[in-house]
Every structure is written in structure tokens, then in C-alpha cells.
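Peer 1: Provided herewith: coords-v9.json, JSON, C-alpha atoms.
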```json
[["chain", "number", "residue", "atom", "x", "y", "z"],
["A", 1, "MET", "CA", 46.99, -43.61, 58.48],
["A", 2, "ASN", "CA", 50.39, -42.71, 59.85],
["A", 3, "LYS", "CA", 52.61, -45.78, 59.47],
["A", 4, "LYS", "CA", 53.94, -45.76, 63.04],
["A", 5, "LEU", "CA", 50.49, -45.43, 64.61],
["A", 6, "GLY", "CA", 49.19, -48.03, 62.18],
["A", 7, "PHE", "CA", 51.84, -50.49, 63.33],
["A", 8, "LEU", "CA", 51.04, -49.72, 66.95],
["A", 9, "GLY", "CA", 47.43, -50.69, 66.22],
["A", 10, "PHE", "CA", 48.32, -53.81, 64.21],
["A", 11, "GLY", "CA", 50.80, -54.72, 66.97],
["A", 12, "ILE", "CA", 48.05, -54.56, 69.58],
["A", 13, "LEU", "CA", 45.87, -56.78, 67.39],
["A", 14, "PHE", "CA", 48.78, -59.21, 66.87],
["A", 15, "GLY", "CA", 49.69, -59.36, 70.58],
["A", 16, "PHE", "CA", 46.04, -59.75, 71.57],
["A", 17, "ALA", "CA", 45.57, -62.62, 69.09],
["A", 18, "LEU", "CA", 48.80, -64.33, 70.21],
["A", 19, "SER", "CA", 47.79, -64.09, 73.85],
["A", 20, "ARG", "CA", 44.16, -65.20, 73.30],
["A", 21, "SER", "CA", 45.36, -68.17, 71.21],
["A", 22, "GLY", "CA", 47.68, -69.39, 73.95],
["A", 23, "ALA", "CA", 50.80, -68.71, 71.85],
["A", 24, "SER", "CA", 52.36, -66.94, 74.84],
["A", 25, "GLU", "CA", 52.05, -70.11, 76.97],
["A", 26, "TYR", "CA", 55.28, -71.99, 77.60],
["A", 27, "ASP", "CA", 53.32, -75.26, 77.83],
["A", 28, "LEU", "CA", 51.67, -74.84, 74.43],
["A", 29, "ILE", "CA", 54.89, -73.97, 72.57],
["A", 30, "VAL", "CA", 56.86, -76.75, 74.20],
["A", 31, "GLY", "CA", 53.78, -78.99, 73.94],
["A", 32, "MET", "CA", 53.86, -78.86, 70.14],
["A", 33, "PHE", "CA", 57.54, -79.88, 70.12],
["A", 34, "ILE", "CA", 57.13, -82.82, 72.52],
["A", 35, "GLY", "CA", 53.93, -83.98, 70.82],
["A", 36, "GLU", "CA", 51.62, -83.24, 73.69],
["A", 37, "ASN", "CA", 49.49, -80.34, 72.42],
["A", 38, "TYR", "CA", 49.09, -79.30, 68.79],
["A", 39, "THR", "CA", 46.96, -76.17, 69.35],
["A", 40, "LEU", "CA", 49.69, -73.88, 68.02],
["A", 41, "VAL", "CA", 50.28, -76.06, 64.96],
["A", 42, "GLY", "CA", 46.62, -75.28, 64.20],
["A", 43, "VAL", "CA", 47.12, -71.55, 64.84],
["A", 44, "ILE", "CA", 50.27, -71.28, 62.71],
["A", 45, "GLY", "CA", 48.85, -73.57, 60.01],
["A", 46, "THR", "CA", 45.63, -71.53, 59.78],
["A", 47, "ALA", "CA", 47.65, -68.30, 59.70],
["A", 48, "ILE", "CA", 49.76, -69.59, 56.80],
["A", 49, "ILE", "CA", 46.69, -70.73, 54.82],
["A", 50, "VAL", "CA", 44.89, -67.41, 55.40],
["A", 51, "GLY", "CA", 48.07, -65.43, 54.62],
["A", 52, "LEU", "CA", 48.61, -67.43, 51.43],
["A", 53, "LEU", "CA", 45.00, -66.93, 50.25],
["A", 54, "GLY", "CA", 45.08, -63.24, 51.18],
["A", 55, "MET", "CA", 48.31, -62.65, 49.28],
["A", 56, "GLN", "CA", 46.91, -64.48, 46.23],
["A", 57, "VAL", "CA", 43.83, -62.24, 46.27],
["A", 58, "LEU", "CA", 45.99, -59.13, 46.67],
["A", 59, "LYS", "CA", 48.42, -60.17, 43.90],
["A", 60, "ARG", "CA", 45.72, -61.29, 41.42],
["A", 61, "THR", "CA", 42.99, -58.70, 41.80],
["A", 62, "LYS", "CA", 45.11, -55.62, 42.24],
["A", 63, "GLY", "CA", 48.79, -56.29, 42.67],
["A", 64, "VAL", "CA", 49.11, -52.87, 44.20],
["A", 65, "THR", "CA", 48.93, -51.31, 47.64],
["A", 66, "LYS", "CA", 46.32, -48.83, 48.85],
["A", 67, "LYS", "CA", 48.51, -46.02, 47.48],
["A", 68, "GLY", "CA", 48.71, -47.77, 44.10],
["A", 69, "GLU", "CA", 52.35, -48.83, 44.37],
["A", 70, "PRO", "CA", 53.38, -52.25, 43.05],
["A", 71, "LEU", "CA", 53.87, -54.81, 45.85],
["A", 72, "LYS", "CA", 57.47, -55.05, 47.05],
["A", 73, "ILE", "CA", 57.87, -58.63, 48.24],
["A", 74, "SER", "CA", 61.45, -59.78, 48.65],
["A", 75, "GLU", "CA", 62.49, -63.31, 49.47],
["A", 76, "LYS", "CA", 64.95, -63.77, 52.31],
["A", 77, "LYS", "CA", 68.41, -65.19, 51.59],
["A", 78, "LEU", "CA", 69.08, -68.92, 51.71],
["A", 79, "GLY", "CA", 72.50, -70.36, 52.45],
["A", 80, "PRO", "CA", 74.48, -72.39, 54.94],
["A", 81, "TRP", "CA", 74.60, -69.44, 57.33],
["A", 82, "SER", "CA", 70.86, -68.86, 57.28],
["A", 83, "LEU", "CA", 70.19, -72.55, 57.88],
["A", 84, "PHE", "CA", 72.65, -72.56, 60.78],
["A", 85, "GLY", "CA", 70.91, -69.50, 62.21],
["A", 86, "ALA", "CA", 67.52, -71.17, 61.80],
["A", 87, "ALA", "CA", 68.73, -74.19, 63.78],
["A", 88, "LEU", "CA", 70.03, -71.93, 66.58],
["A", 89, "PHE", "CA", 66.68, -70.14, 66.59],
["A", 90, "GLY", "CA", 64.82, -73.44, 66.82],
["A", 91, "ILE", "CA", 66.92, -74.54, 69.80],
["A", 92, "GLY", "CA", 66.15, -71.25, 71.54],
["A", 93, "TRP", "CA", 62.45, -71.64, 70.69],
["A", 94, "GLY", "CA", 62.26, -75.09, 72.30],
["A", 95, "LEU", "CA", 64.24, -74.04, 75.39],
["A", 96, "SER", "CA", 62.47, -70.77, 76.18],
["A", 97, "GLY", "CA", 58.99, -71.68, 74.97],
["A", 98, "ALA", "CA", 58.82, -68.32, 73.24],
["A", 99, "CYS", "CA", 59.67, -66.60, 69.97],
["A", 100, "PRO", "CA", 60.38, -62.92, 69.21],
["A", 101, "GLY", "CA", 56.67, -62.06, 68.92],
["A", 102, "THR", "CA", 55.18, -64.22, 71.67],
["A", 103, "VAL", "CA", 57.77, -63.14, 74.24],
["A", 104, "LEU", "CA", 56.40, -59.61, 73.86],
["A", 105, "ALA", "CA", 52.89, -60.85, 74.65],
["A", 106, "GLN", "CA", 54.39, -62.64, 77.69],
["A", 107, "LEU", "CA", 55.85, -59.32, 78.83],
["A", 108, "GLY", "CA", 52.42, -57.69, 78.59],
["A", 109, "GLU", "CA", 50.89, -60.52, 80.61],
["A", 110, "GLY", "CA", 53.43, -60.04, 83.40],
["A", 111, "LYS", "CA", 55.45, -63.25, 82.96],
["A", 112, "ILE", "CA", 58.73, -62.52, 84.75],
["A", 113, "TYR", "CA", 60.84, -65.19, 83.02],
["A", 114, "GLY", "CA", 59.58, -63.86, 79.70],
["A", 115, "PHE", "CA", 61.42, -60.69, 80.59],
["A", 116, "PHE", "CA", 64.69, -62.65, 80.80],
["A", 117, "THR", "CA", 64.01, -64.26, 77.41],
["A", 118, "PHE", "CA", 63.36, -60.76, 76.04],
["A", 119, "VAL", "CA", 66.62, -59.35, 77.45],
["A", 120, "GLY", "CA", 68.45, -62.40, 76.09],
["A", 121, "MET", "CA", 67.03, -61.66, 72.64],
["A", 122, "ILE", "CA", 68.35, -58.10, 72.73],
["A", 123, "PHE", "CA", 71.80, -59.38, 73.68],
["A", 124, "GLY", "CA", 71.61, -62.12, 71.02],
["A", 125, "THR", "CA", 70.89, -59.43, 68.43],
["A", 126, "TYR", "CA", 73.81, -57.41, 69.82],
["A", 127, "ILE", "CA", 76.13, -60.41, 69.37],
["A", 128, "TYR", "CA", 74.94, -60.57, 65.75],
["A", 129, "ALA", "CA", 75.80, -56.89, 65.25],
["A", 130, "ARG", "CA", 79.31, -57.55, 66.62],
["A", 131, "LEU", "CA", 79.78, -60.63, 64.39],
["A", 132, "LYS", "CA", 78.52, -58.72, 61.36],
["A", 133, "GLU", "CA", 81.19, -56.08, 61.98],
["A", 134, "LYS", "CA", 83.88, -58.75, 61.42],
["A", 135, "ARG", "CA", 82.20, -61.00, 58.86],
["A", 136, "ALA", "CA", 79.96, -59.25, 56.36],
["A", 137, "GLU", "CA", 78.64, -62.53, 54.86],
["A", 138, "ILE", "CA", 76.63, -63.48, 57.97],
["B", 1, "MET", "CA", 23.89, -62.48, 73.08],
["B", 2, "ILE", "CA", 26.29, -59.52, 73.03],
["B", 3, "GLU", "CA", 27.63, -60.61, 76.40],
["B", 4, "LYS", "CA", 28.33, -64.10, 74.99],
["B", 5, "VAL", "CA", 30.23, -62.62, 72.02],
["B", 6, "LEU", "CA", 32.28, -60.33, 74.25],
["B", 7, "GLN", "CA", 33.10, -63.23, 76.58],
["B", 8, "GLY", "CA", 34.16, -65.27, 73.57],
["B", 9, "ILE", "CA", 36.51, -62.52, 72.47],
["B", 10, "PHE", "CA", 37.89, -61.30, 75.76],
["B", 11, "VAL", "CA", 37.50, -64.03, 78.39],
["B", 12, "HIS", "CA", 37.44, -67.56, 76.98],
["B", 13, "PRO", "CA", 40.51, -68.99, 75.22],
["B", 14, "TRP", "CA", 40.12, -68.76, 71.45],
["B", 15, "PRO", "CA", 39.73, -71.77, 69.19],
["B", 16, "PHE", "CA", 42.91, -72.22, 67.14],
["B", 17, "TRP", "CA", 41.37, -70.96, 63.88],
["B", 18, "ALA", "CA", 40.36, -67.59, 65.32],
["B", 19, "GLY", "CA", 43.92, -66.58, 66.18],
["B", 20, "GLY", "CA", 45.16, -68.14, 62.95],
["B", 21, "ILE", "CA", 42.77, -66.07, 60.82],
["B", 22, "ILE", "CA", 43.72, -62.76, 62.47],
["B", 23, "ILE", "CA", 47.46, -63.46, 62.41],
["B", 24, "GLY", "CA", 47.28, -64.67, 58.79],
["B", 25, "LEU", "CA", 45.32, -61.59, 57.66],
["B", 26, "LEU", "CA", 48.13, -59.37, 58.94],
["B", 27, "VAL", "CA", 50.32, -60.50, 56.01],
["B", 28, "PRO", "CA", 48.15, -59.07, 53.16],
["B", 29, "LEU", "CA", 46.91, -56.16, 55.30],
["B", 30, "LEU", "CA", 50.44, -54.91, 56.05],
["B", 31, "TYR", "CA", 51.27, -55.12, 52.33],
["B", 32, "TYR", "CA", 48.06, -53.37, 51.37],
["B", 33, "TYR", "CA", 48.43, -50.48, 53.81],
["B", 34, "TYR", "CA", 52.20, -50.10, 54.12],
["B", 35, "ASN", "CA", 53.85, -52.32, 51.46],
["B", 36, "THR", "CA", 55.72, -53.88, 54.36],
["B", 37, "ALA", "CA", 56.46, -57.50, 55.24],
["B", 38, "LEU", "CA", 55.19, -58.84, 58.56],
["B", 39, "GLY", "CA", 58.17, -59.37, 60.87],
["B", 40, "VAL", "CA", 59.09, -58.84, 64.49],
["B", 41, "SER", "CA", 62.68, -59.91, 65.12],
["B", 42, "THR", "CA", 64.45, -57.21, 63.07],
["B", 43, "GLY", "CA", 62.97, -54.68, 65.52],
["B", 44, "TYR", "CA", 65.25, -56.09, 68.22],
["B", 45, "GLY", "CA", 68.01, -54.25, 66.31],
["B", 46, "ASN", "CA", 66.19, -51.01, 67.18],
["B", 47, "LEU", "CA", 66.13, -52.16, 70.81],
["B", 48, "VAL", "CA", 69.89, -52.85, 70.69],
["B", 49, "LYS", "CA", 70.41, -49.30, 69.49],
["B", 50, "ILE", "CA", 68.10, -47.91, 72.20],
["B", 51, "PHE", "CA", 69.37, -49.94, 75.18],
["B", 52, "LEU", "CA", 72.99, -50.92, 74.45],
["B", 53, "PRO", "CA", 76.07, -48.89, 73.52],
["B", 54, "ALA", "CA", 76.09, -50.18, 69.94],
["B", 55, "GLY", "CA", 75.48, -47.07, 67.84],
["B", 56, "HIS", "CA", 79.02, -47.25, 66.40],
["B", 57, "LEU", "CA", 78.49, -50.74, 64.90],
["B", 58, "LYS", "CA", 77.99, -50.52, 61.13],
["B", 59, "TRP", "CA", 74.94, -52.81, 61.01],
["B", 60, "VAL", "CA", 73.20, -50.86, 63.78],
["B", 61, "LYS", "CA", 74.15, -47.47, 62.34],
["B", 62, "THR", "CA", 73.01, -48.14, 58.77],
["B", 63, "LYS", "CA", 70.02, -50.45, 59.20],
["B", 64, "PHE", "CA", 68.51, -48.59, 62.16],
["B", 65, "ALA", "CA", 69.17, -44.99, 61.17],
["B", 66, "ASP", "CA", 65.61, -44.24, 62.28],
["B", 67, "THR", "CA", 65.96, -45.40, 65.89],
["B", 68, "PHE", "CA", 62.25, -45.25, 66.67],
["B", 69, "SER", "CA", 60.97, -46.71, 63.41],
["B", 70, "TRP", "CA", 57.62, -48.46, 62.89],
["B", 71, "ARG", "CA", 59.30, -51.63, 64.20],
["B", 72, "VAL", "CA", 59.49, -50.16, 67.71],
["B", 73, "TYR", "CA", 55.82, -49.18, 67.54],
["B", 74, "PHE", "CA", 54.94, -52.71, 66.42],
["B", 75, "ILE", "CA", 56.89, -54.17, 69.38],
["B", 76, "VAL", "CA", 55.20, -51.83, 71.85],
["B", 77, "GLY", "CA", 51.84, -52.72, 70.30],
["B", 78, "ILE", "CA", 52.38, -56.46, 70.78],
["B", 79, "ILE", "CA", 53.28, -55.89, 74.44],
["B", 80, "LEU", "CA", 50.10, -53.81, 74.87],
["B", 81, "GLY", "CA", 48.08, -56.50, 73.10],
["B", 82, "GLY", "CA", 49.29, -59.10, 75.62],
["B", 83, "LEU", "CA", 48.52, -56.70, 78.46],
["B", 84, "ILE", "CA", 44.98, -55.95, 77.23],
["B", 85, "SER", "CA", 44.28, -59.64, 76.64],
["B", 86, "SER", "CA", 45.40, -60.64, 80.13],
["B", 87, "LEU", "CA", 43.62, -57.74, 81.85],
["B", 88, "PHE", "CA", 40.27, -58.64, 80.26],
["B", 89, "SER", "CA", 40.62, -62.39, 80.79],
["B", 90, "GLY", "CA", 41.73, -61.91, 84.39],
["B", 91, "ASN", "CA", 45.09, -63.60, 83.78],
["B", 92, "PHE", "CA", 47.23, -60.52, 84.26],
["B", 93, "GLY", "CA", 49.71, -60.59, 87.10],
["B", 94, "PHE", "CA", 53.43, -60.55, 87.70],
["B", 95, "THR", "CA", 54.16, -64.22, 87.97],
["B", 96, "ALA", "CA", 57.31, -66.31, 88.19],
["B", 97, "GLU", "CA", 55.41, -69.33, 86.86],
["B", 98, "MET", "CA", 56.32, -70.70, 83.45],
["B", 99, "GLY", "CA", 54.08, -73.74, 83.05],
["B", 100, "ARG", "CA", 55.67, -77.13, 83.37],
["B", 101, "PHE", "CA", 59.14, -75.59, 83.50],
["B", 102, "THR", "CA", 58.75, -73.97, 86.89],
["B", 103, "ALA", "CA", 56.49, -76.82, 88.01],
["B", 104, "PHE", "CA", 59.08, -79.55, 87.41],
["B", 105, "ALA", "CA", 62.60, -78.09, 87.04],
["B", 106, "GLY", "CA", 62.92, -77.18, 90.70],
["B", 107, "TRP", "CA", 65.78, -74.75, 90.11],
["B", 108, "PRO", "CA", 66.49, -71.60, 92.09],
["B", 109, "ALA", "CA", 65.03, -68.46, 90.49],
["B", 110, "ILE", "CA", 68.41, -67.09, 89.43],
["B", 111, "ILE", "CA", 69.23, -70.26, 87.47],
["B", 112, "ASN", "CA", 65.79, -70.15, 85.83],
["B", 113, "ALA", "CA", 66.52, -66.56, 84.81],
["B", 114, "VAL", "CA", 69.86, -67.60, 83.27],
["B", 115, "TYR", "CA", 68.12, -70.46, 81.42],
["B", 116, "PHE", "CA", 65.54, -68.16, 79.83],
["B", 117, "PHE", "CA", 68.19, -65.53, 79.09],
["B", 118, "ALA", "CA", 70.23, -68.20, 77.27],
["B", 119, "GLY", "CA", 67.16, -69.28, 75.29],
["B", 120, "GLY", "CA", 66.58, -65.65, 74.33],
["B", 121, "LEU", "CA", 70.22, -65.26, 73.30],
["B", 122, "LEU", "CA", 69.84, -68.16, 70.83],
["B", 123, "LEU", "CA", 66.54, -66.73, 69.55],
["B", 124, "GLY", "CA", 68.01, -63.28, 68.96],
["B", 125, "LEU", "CA", 71.25, -64.42, 67.37],
["B", 126, "GLY", "CA", 69.58, -67.21, 65.40],
["B", 127, "ALA", "CA", 66.80, -65.00, 64.04],
["B", 128, "ARG", "CA", 69.29, -62.46, 62.67],
["B", 129, "ILE", "CA", 71.55, -65.07, 61.04],
["B", 130, "ALA", "CA", 68.46, -66.82, 59.63],
["B", 131, "GLY", "CA", 67.06, -63.50, 58.41],
["B", 132, "GLY", "CA", 63.75, -63.79, 60.23],
["B", 133, "CYS", "CA", 61.67, -65.51, 62.89],
["B", 134, "THR", "CA", 58.35, -67.29, 63.22],
["B", 135, "SER", "CA", 56.46, -64.28, 61.85],
["B", 136, "GLY", "CA", 58.87, -63.16, 59.12],
["B", 137, "HIS", "CA", 59.86, -66.60, 57.82],
["B", 138, "SER", "CA", 57.18, -69.07, 58.89],
["B", 139, "ILE", "CA", 54.06, -66.95, 58.46],
["B", 140, "HIS", "CA", 55.04, -64.19, 56.02],
["B", 141, "GLY", "CA", 57.58, -66.20, 54.01],
["B", 142, "ILE", "CA", 55.57, -69.39, 53.59],
["B", 143, "SER", "CA", 52.44, -67.30, 52.77],
["B", 144, "ASN", "CA", 54.46, -66.02, 49.83],
["B", 145, "LEU", "CA", 55.75, -69.53, 49.03],
["B", 146, "HIS", "CA", 59.38, -68.51, 49.56],
["B", 147, "PHE", "CA", 61.61, -71.58, 49.45],
["B", 148, "SER", "CA", 64.16, -70.07, 51.87],
["B", 149, "SER", "CA", 61.39, -69.56, 54.45],
["B", 150, "ILE", "CA", 60.14, -73.13, 54.07],
["B", 151, "MET", "CA", 63.70, -74.39, 54.68],
["B", 152, "ALA", "CA", 64.22, -72.02, 57.63],
["B", 153, "THR", "CA", 60.94, -73.12, 59.20],
["B", 154, "ALA", "CA", 61.91, -76.78, 58.81],
["B", 155, "LEU", "CA", 65.10, -76.06, 60.76],
["B", 156, "PHE", "CA", 63.22, -73.97, 63.37],
["B", 157, "VAL", "CA", 61.00, -77.00, 64.02],
["B", 158, "ILE", "CA", 63.84, -79.54, 64.02],
["B", 159, "GLY", "CA", 65.82, -77.38, 66.47],
["B", 160, "GLY", "CA", 62.74, -76.92, 68.65],
["B", 161, "ILE", "CA", 61.90, -80.64, 68.72],
["B", 162, "ILE", "CA", 65.47, -81.52, 69.74],
["B", 163, "SER", "CA", 65.90, -78.86, 72.43],
["B", 164, "ALA", "CA", 62.40, -79.14, 73.91],
["B", 165, "ASN", "CA", 62.68, -82.92, 74.24],
["B", 166, "LEU", "CA", 66.18, -82.69, 75.71],
["B", 167, "ALA", "CA", 65.02, -80.05, 78.20],
["B", 168, "GLN", "CA", 62.07, -82.23, 79.20],
["B", 169, "ALA", "CA", 64.26, -85.28, 79.69],
["B", 170, "LEU", "CA", 67.22, -83.64, 81.39],
["B", 171, "ILE", "CA", 65.70, -80.74, 83.34],
["B", 172, "MET", "CA", 62.07, -81.61, 83.93],
["B", 173, "GLY", "CA", 62.63, -85.28, 84.66],
["B", 174, "GLY", "CA", 60.65, -86.50, 81.66],
["B", 175, "ALA", "CA", 57.54, -84.94, 83.14],
["B", 176, "TRP", "CA", 55.40, -85.29, 79.99]]
```
Would you give me this structure, written as C-alpha cells?

Peer 2:
Amino acid sequence: MNKKLGFLGFGILFGFALSRSGASEYDLIVGMFIGENYTLVGVIGTAIIVGLLGMQVLKRTKGVTKKGEPLKISEKKLGPWSLFGAALFGIGWGLSGACPGTVLAQLGEGKIYGFFTFVGMIFGTYIYARLKEKRAEI
Amino acid sequence: MIEKVLQGIFVHPWPFWAGGIIIGLLVPLLYYYYNTALGVSTGYGNLVKIFLPAGHLKWVKTKFADTFSWRVYFIVGIILGGLISSLFSGNFGFTAEMGRFTAFAGWPAIINAVYFFAGGLLLGLGARIAGGCTSGHSIHGISNLHFSSIMATALFVIGGIISANLAQALIMGGAW
């Protein structure tokens, strides 16, 4: 299947699952940080376990994609900058009650403040592009 | 029987494991079909190129040469997924409610908008410096047992616990 159309389809599945699980609810995201509701810990935890098992099956039984290419799995960088960025991200996550995926589901559901989070994310990414112009190591 | 199943899928909220299984399966499926890592936040670079005058910036020019790459289709898909979910469950509607925030903060709408914009700013900037977000690091990275993703996720959670509790205490009057 065409990669772009494939990702449109997988995106619909992803957004549908996020929305049906309550991951697009401000109260559930904030609830897991203030210890009031751990539904999303269950969702993310299950996703990680299923992802881990699925990747083990894929790596052990075949180790190749549908086209027969070897899997290209690259680990993301680790350093003081990436940890600093992760902390900034976490602060934004707890304030907005959304993350880059769930805010898109919020948009689809018609949540108006989700739109402002979304626009903020585009500008945050723009700030990164400007910083990167000056400091390549970020 | 069929009606019950359809209601379970489209109307009633899902049990946590149902969403977890589907989201988790995306990781091996995207490798199997497209040899591509699950991730959402990098696609906001495509959106920067589409919506802001940033085409001259090196990072935008080189990394997003294909302006409308699969990442844009993935983003549009997630929006449509949220739309379809809310239409079927009857929760769709343009609403200025945001759970306990709008219930307890009592701010004028414009200040609320600035608050969520600021949260989004931190998410966008933070995700790029960290090299990923909840999907790329926490779900994809930990599924592949990447140490950097485990560390990033730990800091995501620490940051979230601090800011969510501060926001509850200072803005929502300790409403929990």
C-alpha cells in the first residue's frame, strides 16, 4: 500500500484509539500526574508491553519487513540537551493535559483549547528550528 | 450481539487494555509495512514549513524537503480518528470546556488560550530537543528497550508531575 495513504489509515486508527481510551481528556492526563486517575498509565503500559512483544516476534521470527528489508531501528540520542528537552516536554504535558498525538485527537473532537495547544506546538517547533540554526548541537 | 459489539467499539469508553493493545501494535506494524518508527512530533516540523515562513531555516529545508511527507498524512489521520470517535460516541462538538481546568481556574477565555498556547510551546520545543514525544520515545523507544527513551520518559513524567501539581495548587485552587 502507498506509504502516505497507509499512514493516513494508521493515523485514523491511532487517533480513534487515543480518543476512545480517554487519552484526549485533560482530566485523565492530568489525573495520572496528580495521582487521581491511572487509566492512562494502564493504556501506555499495555501499549509498551504489546509493542515490546510485537517487536520481539518481528525481530526473532523474521527480522525483515514485508518487502524483505532488514529492520532499521535507530536509537535516539541521549545527552544533557535531550534530558533538558524531555523535562520541558514534561512540564508542557502536565500544563496542557495533552501531548503531540493526543492534541490532534482533541482537535478532531472539537476541543477549542486543544487548538491553542496545537498552535503552540507549531511555534515551539519553530523556536527549535531557529535555535538549531545557531547551535547545531541541540 | 452485533449491536453490543458495535456499541463497545464506538459508543462506550474503552477499557484501558483495548487502547493499549491497538497503540502498542502500531510499533511492529509500522516497521513491518514501512520500516518506519512510530512518532508524531517530528511531523510538526512539516507543519512549521507549511504554516510559517521558515523554509529558509537549514533544519526545515533539509529535514522536511518533502513538505507533505507521510508525517503530514499521519497527523491528518489522527485528527480524523478523533473526529470519527467523537461523532460515533456523540461527544463531538466545539467546546471551550477542558475538564477540571475550565471548571476551576475561572480565568477569562483569552488567558486560558494563552495558557494552553504556552503549554504547547513547551511541548513542541521540548519534544524536538528531546528527540521525540510520548509516541516516539515512550511507546516506540521503550518497546525497543532504548536506554535514551527510558531516560527521556522518566523526565517527561517528572516534569508532568511537577507542573500538573503546581497548576492544580496555584491555578485550580487545589481542586483535586

Peer 1: Which residues are near Leu122 (chain B)? Cut-off 10 Å, only C-alpha atoms, ignore same chain within fewer than 4 positions. Put them as an NGL selection string.

Peer 2: (:A and (85-93 or 95-96 or 117 or 120-121 or 123-125)) or (:B and (116-118 or 126-128))

Peer 1: Taking all atoms listed in the file into account, name the residue in A:Phe10, A:Ser74, A:Gly31, A:Ala47 that is nearest to chain B.

Peer 2: A:Ala47

Peer 1: For Trp70 (chain B), find every residue with an atom within 9 Å (counting all atoms listed in the file), except residues of its own chain fewer than 5 positions away, and show them as a list in words.

Peer 2: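 In the requested format, the answer is Lys3, Lys4, Leu5, Gly6, Phe7 and Leu8 of chain A; Gly43 and Ile75 of chain B.
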
Peer 1: B:Gly124, B:Leu47, B:Phe101, B:Trp59: which is nearest Val76 (chain B), counting only C-alpha atoms?

Peer 2: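 Among the listed residues, B:Leu47 lies closest to Val76 (chain B).
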
Peer 1: For chain B, which residue among A:Val57, A:Leu28, A:Ile12, A:Ala98 is the nearest when counting all atoms listed in the file?

Peer 2: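 Smallest separation from chain B among the options: A:Ile12.
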
Peer 1: Excluding region 113-115 of chain B and any residue of its chain fewer than 4 positions from it, enumerate the residues within 7 Å of it, using all atoms listed in the file, and give them as a PyMOL selection string.

Peer 2: (chain A and resi 113+116) or (chain B and resi 109+119)

Peer 1: By how many Å are CA of Gly160 (chain B) and CA of Val60 (chain B) apart?

Peer 2: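 CA of Val60 (chain B) lies at a distance of 28.5 Å from CA of Gly160 (chain B).
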
Peer 1: Which value, in Å to one decimal, gives the distance between CA of Ser163 (chain B) and CA of Ser86 (chain B)?

Peer 2: 28.5 Å

Peer 1: Might you pull out every residue within 8 Å of Asp27 (chain A), with all atoms listed in the file counted and same-chain residues fewer than 6 positions away left off, and present them as a list of chain:residue names?

Peer 2: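 The residues satisfying every condition are A:Gly97, B:Met98, B:Gly99, B:Arg100.
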
Peer 1: Take the residues from that selection and write them out as a compact mmCIF listing (two decimals), in the frame of the given file, keeping C-alpha atoms.

Peer 2:
```txt
# COMPACT_ATOMS: atom_id res chain seq x y z
CA GLY A 97 58.99 -71.68 74.97
CA MET B 98 56.32 -70.70 83.45
CA GLY B 99 54.08 -73.74 83.05
CA ARG B 100 55.67 -77.13 83.37
```

Peer 1: Please report the interatomic distance between CA of Lys49 (chain B) and CA of Val72 (chain B) in Å with one decimal.

Peer 2: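 Calculated distance between CA of Lys49 (chain B) and CA of Val72 (chain B) is 11.1 Å.
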
Peer 1: I'd like to know which of B:Met172, B:Val27, B:Ala103, B:Ala65 is closest to chain A, using only C-alpha atoms.

Peer 2: B:Val27

Peer 1: Missing atoms in region 40-57 of chain B: fill them in up to N, CA and C atoms and send the result as a CSV table (one decimal), in the coordinates of the input.

Peer 2:
```csv
chain,number,residue,atom,x,y,z
B,40,VAL,N,58.9,-59.4,63.2
B,40,VAL,CA,59.1,-58.8,64.5
B,40,VAL,C,60.6,-58.7,64.8
B,41,SER,N,61.3,-59.8,64.5
B,41,SER,CA,62.7,-59.9,65.1
B,41,SER,C,63.7,-58.8,64.7
B,42,THR,N,63.5,-58.3,63.5
B,42,THR,CA,64.4,-57.2,63.1
B,42,THR,C,64.4,-56.0,64.0
B,43,GLY,N,63.2,-55.8,64.6
B,43,GLY,CA,63.0,-54.7,65.5
B,43,GLY,C,63.8,-54.8,66.8
B,44,TYR,N,64.3,-56.0,67.1
B,44,TYR,CA,65.2,-56.1,68.2
B,44,TYR,C,66.6,-55.3,67.9
B,45,GLY,N,66.9,-55.1,66.7
B,45,GLY,CA,68.0,-54.2,66.3
B,45,GLY,C,67.8,-52.8,66.8
B,46,ASN,N,66.5,-52.3,66.6
B,46,ASN,CA,66.2,-51.0,67.2
B,46,ASN,C,66.4,-51.0,68.7
B,47,LEU,N,66.0,-52.1,69.4
B,47,LEU,CA,66.1,-52.2,70.8
B,47,LEU,C,67.6,-52.2,71.2
B,48,VAL,N,68.4,-52.9,70.4
B,48,VAL,CA,69.9,-52.8,70.7
B,48,VAL,C,70.4,-51.4,70.7
B,49,LYS,N,69.9,-50.7,69.6
B,49,LYS,CA,70.4,-49.3,69.5
B,49,LYS,C,69.9,-48.4,70.7
B,50,ILE,N,68.7,-48.7,71.1
B,50,ILE,CA,68.1,-47.9,72.2
B,50,ILE,C,68.8,-48.2,73.5
B,51,PHE,N,69.0,-49.5,73.8
B,51,PHE,CA,69.4,-49.9,75.2
B,51,PHE,C,70.9,-50.2,75.4
B,52,LEU,N,71.6,-50.5,74.3
B,52,LEU,CA,73.0,-50.9,74.4
B,52,LEU,C,73.9,-49.9,73.7
B,53,PRO,N,75.1,-49.8,74.2
B,53,PRO,CA,76.1,-48.9,73.5
B,53,PRO,C,76.6,-49.5,72.2
B,54,ALA,N,75.8,-49.5,71.2
B,54,ALA,CA,76.1,-50.2,69.9
B,54,ALA,C,76.0,-49.3,68.7
B,55,GLY,N,75.7,-48.0,68.9
B,55,GLY,CA,75.5,-47.1,67.8
B,55,GLY,C,76.6,-47.0,66.9
B,56,HIS,N,77.9,-47.4,67.3
B,56,HIS,CA,79.0,-47.2,66.4
B,56,HIS,C,79.1,-48.5,65.5
B,57,LEU,N,78.4,-49.5,65.8
B,57,LEU,CA,78.5,-50.7,64.9
B,57,LEU,C,77.8,-50.5,63.6
```
